Amino acid sequence: MATAIPLPLHALSTSELTAAAKDRRWPKWQTMALLHSLKLPVLNACLIPPGHGTASVRVAAHALAAATGTERLMIRSDGGVEKKQYYRGGNTFPLDEVPPRAAGLLADGRAVILAEPTTRFANRLTVLVRMDRPARGYPGSLTLEALGPGYDVADLTRGQIPPQVTAHLDDADWNRYQPPRWHEWKITGDRCPGGEDARRHRRLERLAAQTLSDSGHLHGTAGAEHAEAWLRERGFLQLFRPQPTREALARRIRRLFDDAFLLARAHPNQNWHCLATAFSVLNESRTIYWDLVDGEHKYAATNPAAARN
């Protein structure tokens with residue numbers, strides 16, 4: 001029997017979306033389905049589980065590209081047993097490069113997520129959203145960590161780059177909606193001398209060593225100066241301009257609180273202690289959420305049968 005070709009996320013029926021939002025084998029895909037079911041903005045994407053070959057990847061890639069009007073797709077990986085050399089996804093490639101790049105991930109037992117592309121060099125705002133509480137029924141807190149133009153989500157989640165601005169809210173009631181007053185937020189900026197220069201340099205080092213080398217834009221031993229030259233030559237100047245991060249975060253702080261409350265109430269594990277998601281304002285002012293991480297269930301179950309129980 002032929003294996004069904006995976007459907008794009010935005011084409012799933014209500015029942016298919018509900019099933020995807022409950023399947024813990026693929027944590028990123030699970031939470032993308034949950035976010036989409038809650039009408040929160042996410043990239044259109046498709047999941048290709050292990051067991052599919054490159055022919056399936058090729059057909060799924062062309063179907064998603066046609067649905068999104070693009071000739072390039074982002075590659076991410078999901079589920080399976082994470083190894084020390086974890087694939088750092090999020091880069092975008094031409095359609096003909098997608099199947100061979102996906103093949104190695106599928107062979108390692110990881111699912112592949114293909115998503116519509118973004119320009120990760122030109123984001124306007126990136127926010128890491130963290131919800132905490134000691135136990136169900138108790139008040140907790142909300143923390144927003146933000147980076148401005150030219151940075152991306154990976155800088156906050158795994159790049160060891162400190163936020164430019166942090167907004168913190170104590171006594172957040174995750175059971176009863178009560179929007180905070182402005183004075184209840186504690187908003188602080190990074191005041192470390194030379195902090196912005198160090199942050200920018202770290203960003204450029206990461207771009208050279210990971211993003212631009214993986215995508216084939218830089219070769220050999222490349223450093224921060226090579227990444228800076230590459231960005232400037234192509235007009236990606238956001239990283240080198242003023243960073244109005246505090247103002248950008250302030251304009252969206254109410255929306256982020258409302259969305260966080262919705263996610264806290266809708267999460268399948270109502271005994272959660274820590275939830276986190278990431279929010280981006282892309283270059284074209286489109287906003288998206290990425291994944292929703294439950295601190296107690298960060299990694300996929302290694303036994304697919306157990307994960308379904």
# chains A, B, ... in the order shown; residues from 1 in each chain; ligands from 1
$ select_by_dssp --residues "region 10-212 of chain A" --states "helix (DSSP H, G or I)" --output "number ranges by chain"
A: 10-11, 14-20, 27-37, 54-68, 95-107, 153-157, 182-184, 195-212
$ select_by_dssp --residues "region 144-186 of chain A" --states "strand (DSSP E or B)" --output "MDAnalysis selection string"
chainID A and resid 144:147 165:172 185:186
$ write_last_selection --atoms "N, CA and C atoms" --output "JSON list (two decimals), in the first residue's frame"
[["chain", "number", "residue", "atom", "x", "y", "z"],
["A", 144, "LEU", "N", 9.19, 37.87, 29.63],
["A", 144, "LEU", "CA", 9.39, 38.11, 28.21],
["A", 144, "LEU", "C", 10.83, 38.58, 28.01],
["A", 145, "GLU", "N", 11.59, 37.86, 27.19],
["A", 145, "GLU", "CA", 12.96, 38.24, 26.87],
["A", 145, "GLU", "C", 13.02, 38.58, 25.39],
["A", 146, "ALA", "N", 13.53, 39.76, 25.07],
["A", 146, "ALA", "CA", 13.43, 40.25, 23.70],
["A", 146, "ALA", "C", 14.77, 40.65, 23.10],
["A", 147, "LEU", "N", 14.88, 40.40, 21.79],
["A", 147, "LEU", "CA", 15.98, 40.90, 20.96],
["A", 147, "LEU", "C", 15.37, 41.63, 19.78],
["A", 165, "VAL", "N", 16.18, 43.38, 26.28],
["A", 165, "VAL", "CA", 15.14, 43.87, 27.19],
["A", 165, "VAL", "C", 14.42, 42.67, 27.80],
["A", 166, "THR", "N", 14.12, 42.76, 29.10],
["A", 166, "THR", "CA", 13.35, 41.73, 29.80],
["A", 166, "THR", "C", 12.16, 42.39, 30.49],
["A", 167, "ALA", "N", 10.98, 41.81, 30.30],
["A", 167, "ALA", "CA", 9.77, 42.26, 31.00],
["A", 167, "ALA", "C", 9.29, 41.12, 31.88],
["A", 168, "HIS", "N", 9.05, 41.40, 33.15],
["A", 168, "HIS", "CA", 8.66, 40.36, 34.10],
["A", 168, "HIS", "C", 7.38, 40.77, 34.83],
["A", 169, "LEU", "N", 6.49, 39.80, 34.99],
["A", 169, "LEU", "CA", 5.22, 40.04, 35.68],
["A", 169, "LEU", "C", 5.06, 39.01, 36.79],
["A", 170, "ASP", "N", 4.96, 39.47, 38.02],
["A", 170, "ASP", "CA", 4.70, 38.58, 39.17],
["A", 170, "ASP", "C", 3.21, 38.43, 39.38],
["A", 171, "ASP", "N", 2.84, 37.42, 40.17],
["A", 171, "ASP", "CA", 1.44, 37.19, 40.56],
["A", 171, "ASP", "C", 0.52, 37.08, 39.34],
["A", 172, "ALA", "N", 0.97, 36.36, 38.32],
["A", 172, "ALA", "CA", 0.12, 36.11, 37.16],
["A", 172, "ALA", "C", -0.86, 34.99, 37.49],
["A", 185, "TRP", "N", 4.30, 45.62, 35.43],
["A", 185, "TRP", "CA", 5.41, 45.05, 34.68],
["A", 185, "TRP", "C", 6.73, 45.62, 35.18],
["A", 186, "LYS", "N", 7.73, 44.77, 35.30],
["A", 186, "LYS", "CA", 9.09, 45.20, 35.61],
["A", 186, "LYS", "C", 9.91, 45.04, 34.34]]
$ closest_residue --among "A:Val293, A:Leu207, A:Gly90, A:Ser141" --to "Glu184 (chain A)" --atoms "only C-alpha atoms"
A:Ser141
$ residues_around --residues "region 187-203 of chain A" --least-positions-apart "3" --cutoff "10 Å" --atoms "only C-alpha atoms" --output "PyMOL selection string"
chain A and resi 143-147+150-152+154-155+159-169+183-184+206-208+223-225+227-228+239-240+243+245-246+249-250
$ write_last_selection --atoms "N, CA, C and O atoms" --output "short mmCIF file (atom, residue, chain, number, x, y, z; two decimals), in the first residue's frame"
data_model
loop_
_atom_site.label_atom_id
_atom_site.label_comp_id
_atom_site.auth_asym_id
_atom_site.auth_seq_id
_atom_site.Cartn_x
_atom_site.Cartn_y
_atom_site.Cartn_z
N THR A 143 7.52 35.91 32.00
CA THR A 143 8.76 36.59 31.65
C THR A 143 8.88 36.68 30.13
O THR A 143 8.69 35.68 29.43
N LEU A 144 9.19 37.87 29.63
CA LEU A 144 9.39 38.11 28.21
C LEU A 144 10.83 38.58 28.01
O LEU A 144 11.24 39.58 28.60
N GLU A 145 11.59 37.86 27.19
CA GLU A 145 12.96 38.24 26.87
C GLU A 145 13.02 38.58 25.39
O GLU A 145 12.61 37.78 24.55
N ALA A 146 13.53 39.76 25.07
CA ALA A 146 13.43 40.25 23.70
C ALA A 146 14.77 40.65 23.10
O ALA A 146 15.65 41.18 23.79
N LEU A 147 14.88 40.40 21.79
CA LEU A 147 15.98 40.90 20.96
C LEU A 147 15.37 41.63 19.78
O LEU A 147 14.30 41.26 19.28
N GLY A 150 17.43 42.04 13.36
CA GLY A 150 18.62 41.31 12.93
C GLY A 150 18.93 40.06 13.72
O GLY A 150 19.79 39.27 13.31
N TYR A 151 18.25 39.85 14.83
CA TYR A 151 18.44 38.63 15.63
C TYR A 151 17.33 37.63 15.31
O TYR A 151 16.35 37.97 14.63
N ASP A 152 17.47 36.40 15.82
CA ASP A 152 16.38 35.44 15.63
C ASP A 152 16.20 34.58 16.86
O ASP A 152 16.91 34.72 17.86
N ALA A 154 16.76 31.47 17.63
CA ALA A 154 17.84 30.60 18.08
C ALA A 154 18.87 31.34 18.93
O ALA A 154 19.54 30.74 19.76
N ASP A 155 18.99 32.64 18.75
CA ASP A 155 19.92 33.41 19.57
C ASP A 155 19.52 33.38 21.04
O ASP A 155 20.38 33.35 21.93
N GLY A 159 21.59 30.16 21.62
CA GLY A 159 22.75 30.90 21.17
C GLY A 159 23.53 31.57 22.28
O GLY A 159 24.54 32.20 22.02
N GLN A 160 23.04 31.44 23.53
CA GLN A 160 23.71 32.06 24.68
C GLN A 160 23.92 33.56 24.48
O GLN A 160 24.92 34.13 24.89
N ILE A 161 22.94 34.18 23.83
CA ILE A 161 22.96 35.63 23.65
C ILE A 161 21.94 36.23 24.60
O ILE A 161 20.75 35.91 24.52
N PRO A 162 22.34 37.10 25.52
CA PRO A 162 21.41 37.66 26.49
C PRO A 162 20.43 38.62 25.84
O PRO A 162 20.76 39.29 24.85
N PRO A 163 19.22 38.72 26.37
CA PRO A 163 18.23 39.64 25.79
C PRO A 163 18.63 41.09 25.98
O PRO A 163 19.35 41.44 26.92
N GLN A 164 18.15 41.91 25.07
CA GLN A 164 18.35 43.36 25.21
C GLN A 164 17.39 43.94 26.25
O GLN A 164 17.73 44.88 26.97
N VAL A 165 16.18 43.38 26.28
CA VAL A 165 15.14 43.87 27.19
C VAL A 165 14.42 42.67 27.80
O VAL A 165 14.15 41.68 27.11
N THR A 166 14.12 42.76 29.10
CA THR A 166 13.35 41.73 29.80
C THR A 166 12.16 42.39 30.49
O THR A 166 12.30 43.42 31.15
N ALA A 167 10.98 41.81 30.30
CA ALA A 167 9.77 42.26 31.00
C ALA A 167 9.29 41.12 31.88
O ALA A 167 9.13 39.98 31.41
N HIS A 168 9.05 41.40 33.15
CA HIS A 168 8.66 40.36 34.10
C HIS A 168 7.38 40.77 34.83
O HIS A 168 7.24 41.93 35.24
N LEU A 169 6.49 39.80 34.99
CA LEU A 169 5.22 40.04 35.68
C LEU A 169 5.06 39.01 36.79
O LEU A 169 5.03 37.80 36.53
N HIS A 183 1.90 49.40 35.34
CA HIS A 183 2.88 49.56 36.42
C HIS A 183 3.27 48.24 37.06
O HIS A 183 4.25 48.17 37.81
N GLU A 184 2.52 47.17 36.78
CA GLU A 184 2.84 45.87 37.36
C GLU A 184 3.99 45.17 36.62
O GLU A 184 4.57 44.22 37.15
N ARG A 206 27.80 33.17 15.35
CA ARG A 206 26.84 32.07 15.14
C ARG A 206 26.41 31.99 13.68
O ARG A 206 26.28 30.88 13.12
N LEU A 207 26.17 33.13 13.07
CA LEU A 207 25.79 33.12 11.66
C LEU A 207 26.89 32.50 10.81
O LEU A 207 26.62 31.70 9.91
N ALA A 208 28.14 32.84 11.09
CA ALA A 208 29.26 32.32 10.29
C ALA A 208 29.43 30.82 10.49
O ALA A 208 29.60 30.07 9.52
N GLY A 223 34.60 33.58 10.13
CA GLY A 223 34.40 34.24 11.42
C GLY A 223 33.38 35.35 11.34
O GLY A 223 32.71 35.54 10.32
N ALA A 224 33.28 36.11 12.43
CA ALA A 224 32.28 37.17 12.52
C ALA A 224 32.44 38.20 11.41
O ALA A 224 31.46 38.71 10.87
N GLU A 225 33.69 38.50 11.04
CA GLU A 225 33.92 39.52 10.02
C GLU A 225 33.40 39.08 8.66
O GLU A 225 32.92 39.89 7.86
N ALA A 227 30.77 37.00 8.23
CA ALA A 227 29.31 37.11 8.31
C ALA A 227 28.87 38.56 8.16
O ALA A 227 27.88 38.85 7.48
N GLU A 228 29.60 39.49 8.79
CA GLU A 228 29.24 40.90 8.67
C GLU A 228 29.35 41.36 7.23
O GLU A 228 28.45 42.06 6.71
N LEU A 239 20.96 44.55 11.86
CA LEU A 239 21.77 44.28 13.04
C LEU A 239 22.67 45.46 13.40
O LEU A 239 23.08 45.60 14.56
N PHE A 240 22.95 46.32 12.44
CA PHE A 240 23.91 47.40 12.64
C PHE A 240 23.25 48.76 12.85
O PHE A 240 23.93 49.77 12.97
N GLN A 243 18.61 49.83 17.90
CA GLN A 243 17.80 48.70 18.33
C GLN A 243 16.67 49.19 19.25
O GLN A 243 16.82 49.22 20.47
N THR A 245 14.28 48.03 20.80
CA THR A 245 13.64 46.80 21.27
C THR A 245 12.63 47.06 22.38
O THR A 245 11.56 46.44 22.43
N ARG A 246 12.95 47.96 23.30
CA ARG A 246 12.03 48.25 24.40
C ARG A 246 10.69 48.76 23.88
O ARG A 246 9.63 48.30 24.33
N LEU A 249 8.73 45.91 22.10
CA LEU A 249 8.15 44.97 23.05
C LEU A 249 6.95 45.60 23.76
O LEU A 249 5.92 44.94 23.94
N ALA A 250 7.08 46.86 24.15
CA ALA A 250 6.00 47.53 24.86
C ALA A 250 4.73 47.57 24.03
O ALA A 250 3.61 47.41 24.56
#
$ residues_around --residues "region 259-273 of chain A" --least-positions-apart "6" --cutoff "12 Å" --atoms "only C-alpha atoms" --output "ChimeraX atom specification"
/A:18,21-24,30-41,128-144,172-180,252-253,279,288-289,291-298
$ write_last_selection --atoms "C-alpha atoms" --output "compact mmCIF listing (two decimals), in the first residue's frame"
# COMPACT_ATOMS: atom_id res chain seq x y z
CA THR A 18 -6.84 17.66 16.89
CA ALA A 21 -2.07 18.31 18.66
CA LYS A 22 -2.21 15.18 20.86
CA ASP A 23 0.64 13.20 19.28
CA ARG A 24 3.67 13.56 21.57
CA GLN A 30 2.31 18.78 18.09
CA THR A 31 2.60 22.32 19.37
CA MET A 32 2.42 23.89 15.89
CA ALA A 33 -0.90 22.05 15.48
CA LEU A 34 -2.06 23.27 18.89
CA LEU A 35 -1.10 26.86 18.12
CA HIS A 36 -2.84 26.72 14.74
CA SER A 37 -5.99 25.21 16.29
CA LEU A 38 -6.09 28.16 18.71
CA LYS A 39 -5.92 30.59 15.73
CA LEU A 40 -2.46 31.78 16.72
CA PRO A 41 -0.15 32.52 13.77
CA LEU A 128 11.00 34.32 24.30
CA VAL A 129 7.81 33.92 26.37
CA ARG A 130 8.04 31.93 29.62
CA MET A 131 5.14 31.04 31.94
CA ASP A 132 5.92 29.69 35.42
CA ARG A 133 3.88 28.56 38.42
CA PRO A 134 4.64 26.33 41.44
CA ALA A 135 1.54 24.17 41.01
CA ARG A 136 -1.88 24.09 39.37
CA GLY A 137 -4.22 26.65 40.89
CA TYR A 138 -1.42 28.85 42.22
CA PRO A 139 -0.34 32.23 40.81
CA GLY A 140 2.92 32.33 38.93
CA SER A 141 4.85 34.65 36.68
CA LEU A 142 5.37 35.65 33.06
CA THR A 143 8.76 36.59 31.65
CA LEU A 144 9.39 38.11 28.21
CA ALA A 172 0.12 36.11 37.16
CA ASP A 173 -3.19 34.27 37.64
CA TRP A 174 -3.19 31.50 35.04
CA ASN A 175 -6.72 30.38 35.98
CA ARG A 176 -8.64 33.65 35.80
CA TYR A 177 -8.09 36.22 33.09
CA GLN A 178 -7.02 39.50 34.61
CA PRO A 179 -4.90 41.71 32.33
CA PRO A 180 -2.08 43.40 34.21
CA ARG A 252 3.00 44.06 21.91
CA ILE A 253 3.11 43.34 25.64
CA PHE A 279 7.36 34.87 19.02
CA ILE A 288 4.43 34.02 14.08
CA TYR A 289 4.81 31.66 17.01
CA ASP A 291 6.97 25.94 19.36
CA LEU A 292 5.39 25.55 22.79
CA VAL A 293 7.68 23.69 25.18
CA ASP A 294 6.52 21.99 28.37
CA GLY A 295 9.51 21.94 30.73
CA GLU A 296 8.57 18.50 32.04
CA HIS A 297 8.08 16.92 28.61
CA LYS A 298 10.77 18.57 26.54
$ closest_residue --among "A:Gly109, A:Pro8, A:Pro99, A:Gly51" --to "Ser77 (chain A)" --atoms "only C-alpha atoms"
A:Gly109
$ atom_distance --atom1 "CA of Trp29 (chain A)" --atom2 "CA of Asp108 (chain A)"
17.7 Å
$ residues_around --residues "Ala107 (chain A)" --least-positions-apart "2" --cutoff "12 Å" --atoms "only C-alpha atoms" --output "NGL selection string"
:A and (48-54 or 77 or 80-81 or 100-105 or 109-112)
$ write_last_selection --atoms "N, CA and C atoms" --output "compact mmCIF listing (two decimals), in the first residue's frame"
# COMPACT_ATOMS: atom_id res chain seq x y z
N ILE A 48 6.99 15.10 7.90
CA ILE A 48 7.32 13.87 7.20
C ILE A 48 7.99 12.94 8.19
N PRO A 49 7.27 11.94 8.70
CA PRO A 49 7.83 11.03 9.71
C PRO A 49 8.86 10.08 9.10
N PRO A 50 9.69 9.48 9.94
CA PRO A 50 10.61 8.44 9.46
C PRO A 50 9.82 7.33 8.76
N GLY A 51 10.43 6.73 7.77
CA GLY A 51 9.73 5.70 7.00
C GLY A 51 9.39 6.19 5.60
N HIS A 52 9.35 7.50 5.43
CA HIS A 52 9.15 8.08 4.11
C HIS A 52 10.49 8.19 3.39
N GLY A 53 10.45 8.04 2.09
CA GLY A 53 11.65 8.18 1.28
C GLY A 53 11.74 9.55 0.65
N THR A 54 12.79 9.75 -0.14
CA THR A 54 13.00 11.05 -0.76
C THR A 54 11.90 11.39 -1.76
N SER A 77 13.89 19.60 12.15
CA SER A 77 13.71 18.19 12.49
C SER A 77 12.96 18.07 13.81
N GLY A 80 12.24 11.65 17.72
CA GLY A 80 13.36 10.73 17.67
C GLY A 80 14.29 10.92 18.85
N VAL A 81 15.41 10.23 18.83
CA VAL A 81 16.39 10.32 19.89
C VAL A 81 17.41 11.38 19.51
N PRO A 100 17.53 15.60 -0.57
CA PRO A 100 18.77 15.02 -0.06
C PRO A 100 19.12 15.48 1.35
N ARG A 101 18.78 16.71 1.70
CA ARG A 101 19.05 17.18 3.05
C ARG A 101 18.13 16.50 4.06
N ALA A 102 16.89 16.23 3.67
CA ALA A 102 15.95 15.57 4.57
C ALA A 102 16.28 14.09 4.76
N ALA A 103 16.92 13.48 3.76
CA ALA A 103 17.18 12.03 3.80
C ALA A 103 17.99 11.63 5.02
N GLY A 104 19.02 12.39 5.35
CA GLY A 104 19.86 12.04 6.50
C GLY A 104 19.11 12.12 7.81
N LEU A 105 18.24 13.09 7.96
CA LEU A 105 17.44 13.21 9.18
C LEU A 105 16.48 12.04 9.32
N GLY A 109 16.14 8.50 12.13
CA GLY A 109 14.94 8.25 12.93
C GLY A 109 14.22 9.51 13.38
N ARG A 110 14.60 10.66 12.81
CA ARG A 110 13.93 11.90 13.14
C ARG A 110 12.94 12.27 12.06
N ALA A 111 11.84 12.89 12.47
CA ALA A 111 10.90 13.41 11.50
C ALA A 111 11.46 14.71 10.92
N VAL A 112 10.97 15.07 9.76
CA VAL A 112 11.36 16.31 9.10
C VAL A 112 10.14 17.23 9.02
$ residues_around --residues "Glu71 (chain A)" --least-positions-apart "4" --cutoff "8 Å" --atoms "only C-alpha atoms" --output "list in words"
Ala65, Pro94 and Leu95 of chain A
$ atom_distance --atom1 "CA of Thr126 (chain A)" --atom2 "CA of Val281 (chain A)"
6.5 Å
$ decode --residues "region 173-209 of chain A" --atoms "N, CA and C atoms" --output "compact mmCIF listing (two decimals), in the first residue's frame"
# COMPACT_ATOMS: atom_id res chain seq x y z
N ASP A 173 -2.14 35.27 37.36
CA ASP A 173 -3.19 34.27 37.64
C ASP A 173 -3.49 33.53 36.35
N TRP A 174 -3.02 32.28 36.26
CA TRP A 174 -3.19 31.50 35.04
C TRP A 174 -4.53 30.79 34.98
N ASN A 175 -5.39 31.00 35.98
CA ASN A 175 -6.72 30.38 35.98
C ASN A 175 -7.84 31.37 35.70
N ARG A 176 -7.60 32.63 35.99
CA ARG A 176 -8.64 33.65 35.80
C ARG A 176 -8.02 34.83 35.04
N TYR A 177 -8.65 35.17 33.92
CA TYR A 177 -8.09 36.22 33.09
C TYR A 177 -8.20 37.57 33.78
N GLN A 178 -7.07 38.19 33.98
CA GLN A 178 -7.02 39.50 34.61
C GLN A 178 -5.82 40.24 34.02
N PRO A 179 -6.04 41.04 32.98
CA PRO A 179 -4.90 41.71 32.33
C PRO A 179 -4.18 42.63 33.29
N PRO A 180 -2.85 42.58 33.27
CA PRO A 180 -2.08 43.40 34.21
C PRO A 180 -2.11 44.88 33.85
N ARG A 181 -1.97 45.70 34.85
CA ARG A 181 -1.79 47.14 34.62
C ARG A 181 -0.34 47.39 34.25
N TRP A 182 -0.12 48.51 33.58
CA TRP A 182 1.22 48.79 33.07
C TRP A 182 2.26 48.83 34.19
N HIS A 183 1.90 49.40 35.34
CA HIS A 183 2.88 49.56 36.42
C HIS A 183 3.27 48.24 37.06
N GLU A 184 2.52 47.17 36.78
CA GLU A 184 2.84 45.87 37.36
C GLU A 184 3.99 45.17 36.62
N TRP A 185 4.30 45.62 35.43
CA TRP A 185 5.41 45.05 34.68
C TRP A 185 6.73 45.62 35.18
N LYS A 186 7.73 44.77 35.30
CA LYS A 186 9.09 45.20 35.61
C LYS A 186 9.91 45.04 34.34
N ILE A 187 10.24 46.16 33.71
CA ILE A 187 10.94 46.14 32.43
C ILE A 187 12.36 46.64 32.65
N THR A 188 13.33 45.81 32.28
CA THR A 188 14.74 46.16 32.46
C THR A 188 15.49 45.95 31.16
N GLY A 189 16.53 46.75 30.98
CA GLY A 189 17.39 46.60 29.81
C GLY A 189 18.76 46.11 30.21
N ASP A 190 19.48 45.56 29.26
CA ASP A 190 20.86 45.11 29.50
C ASP A 190 21.75 46.34 29.58
N ARG A 191 22.29 46.62 30.76
CA ARG A 191 23.11 47.81 30.96
C ARG A 191 24.59 47.49 31.07
N CYS A 192 24.97 46.29 30.67
CA CYS A 192 26.38 45.91 30.72
C CYS A 192 27.18 46.77 29.74
N PRO A 193 28.26 47.43 30.18
CA PRO A 193 29.08 48.23 29.26
C PRO A 193 29.58 47.39 28.09
N GLY A 194 29.37 47.89 26.90
CA GLY A 194 29.79 47.14 25.72
C GLY A 194 28.90 45.97 25.40
N GLY A 195 27.77 45.88 26.06
CA GLY A 195 26.90 44.72 25.89
C GLY A 195 26.38 44.54 24.48
N GLU A 196 26.02 45.64 23.82
CA GLU A 196 25.47 45.50 22.47
C GLU A 196 26.53 45.07 21.47
N ASP A 197 27.75 45.58 21.62
CA ASP A 197 28.83 45.15 20.73
C ASP A 197 29.12 43.66 20.91
N ALA A 198 29.14 43.21 22.16
CA ALA A 198 29.41 41.79 22.43
C ALA A 198 28.28 40.92 21.90
N ARG A 199 27.06 41.39 22.06
CA ARG A 199 25.89 40.64 21.59
C ARG A 199 25.92 40.52 20.06
N ARG A 200 26.19 41.61 19.40
CA ARG A 200 26.25 41.60 17.94
C ARG A 200 27.37 40.69 17.44
N HIS A 201 28.52 40.74 18.11
CA HIS A 201 29.64 39.89 17.71
C HIS A 201 29.29 38.42 17.86
N ARG A 202 28.63 38.07 18.95
CA ARG A 202 28.22 36.67 19.15
C ARG A 202 27.22 36.24 18.09
N ARG A 203 26.32 37.12 17.73
CA ARG A 203 25.35 36.82 16.67
C ARG A 203 26.08 36.55 15.35
N LEU A 204 27.05 37.38 15.01
CA LEU A 204 27.79 37.21 13.77
C LEU A 204 28.61 35.92 13.78
N GLU A 205 29.19 35.58 14.93
CA GLU A 205 29.92 34.31 15.04
C GLU A 205 29.01 33.13 14.78
N ARG A 206 27.80 33.17 15.35
CA ARG A 206 26.84 32.07 15.14
C ARG A 206 26.41 31.99 13.68
N LEU A 207 26.17 33.13 13.07
CA LEU A 207 25.79 33.12 11.66
C LEU A 207 26.89 32.50 10.81
N ALA A 208 28.14 32.84 11.09
CA ALA A 208 29.26 32.32 10.29
C ALA A 208 29.43 30.82 10.49
N ALA A 209 29.41 30.38 11.75
CA ALA A 209 29.72 28.99 12.07
C ALA A 209 28.57 28.04 11.77
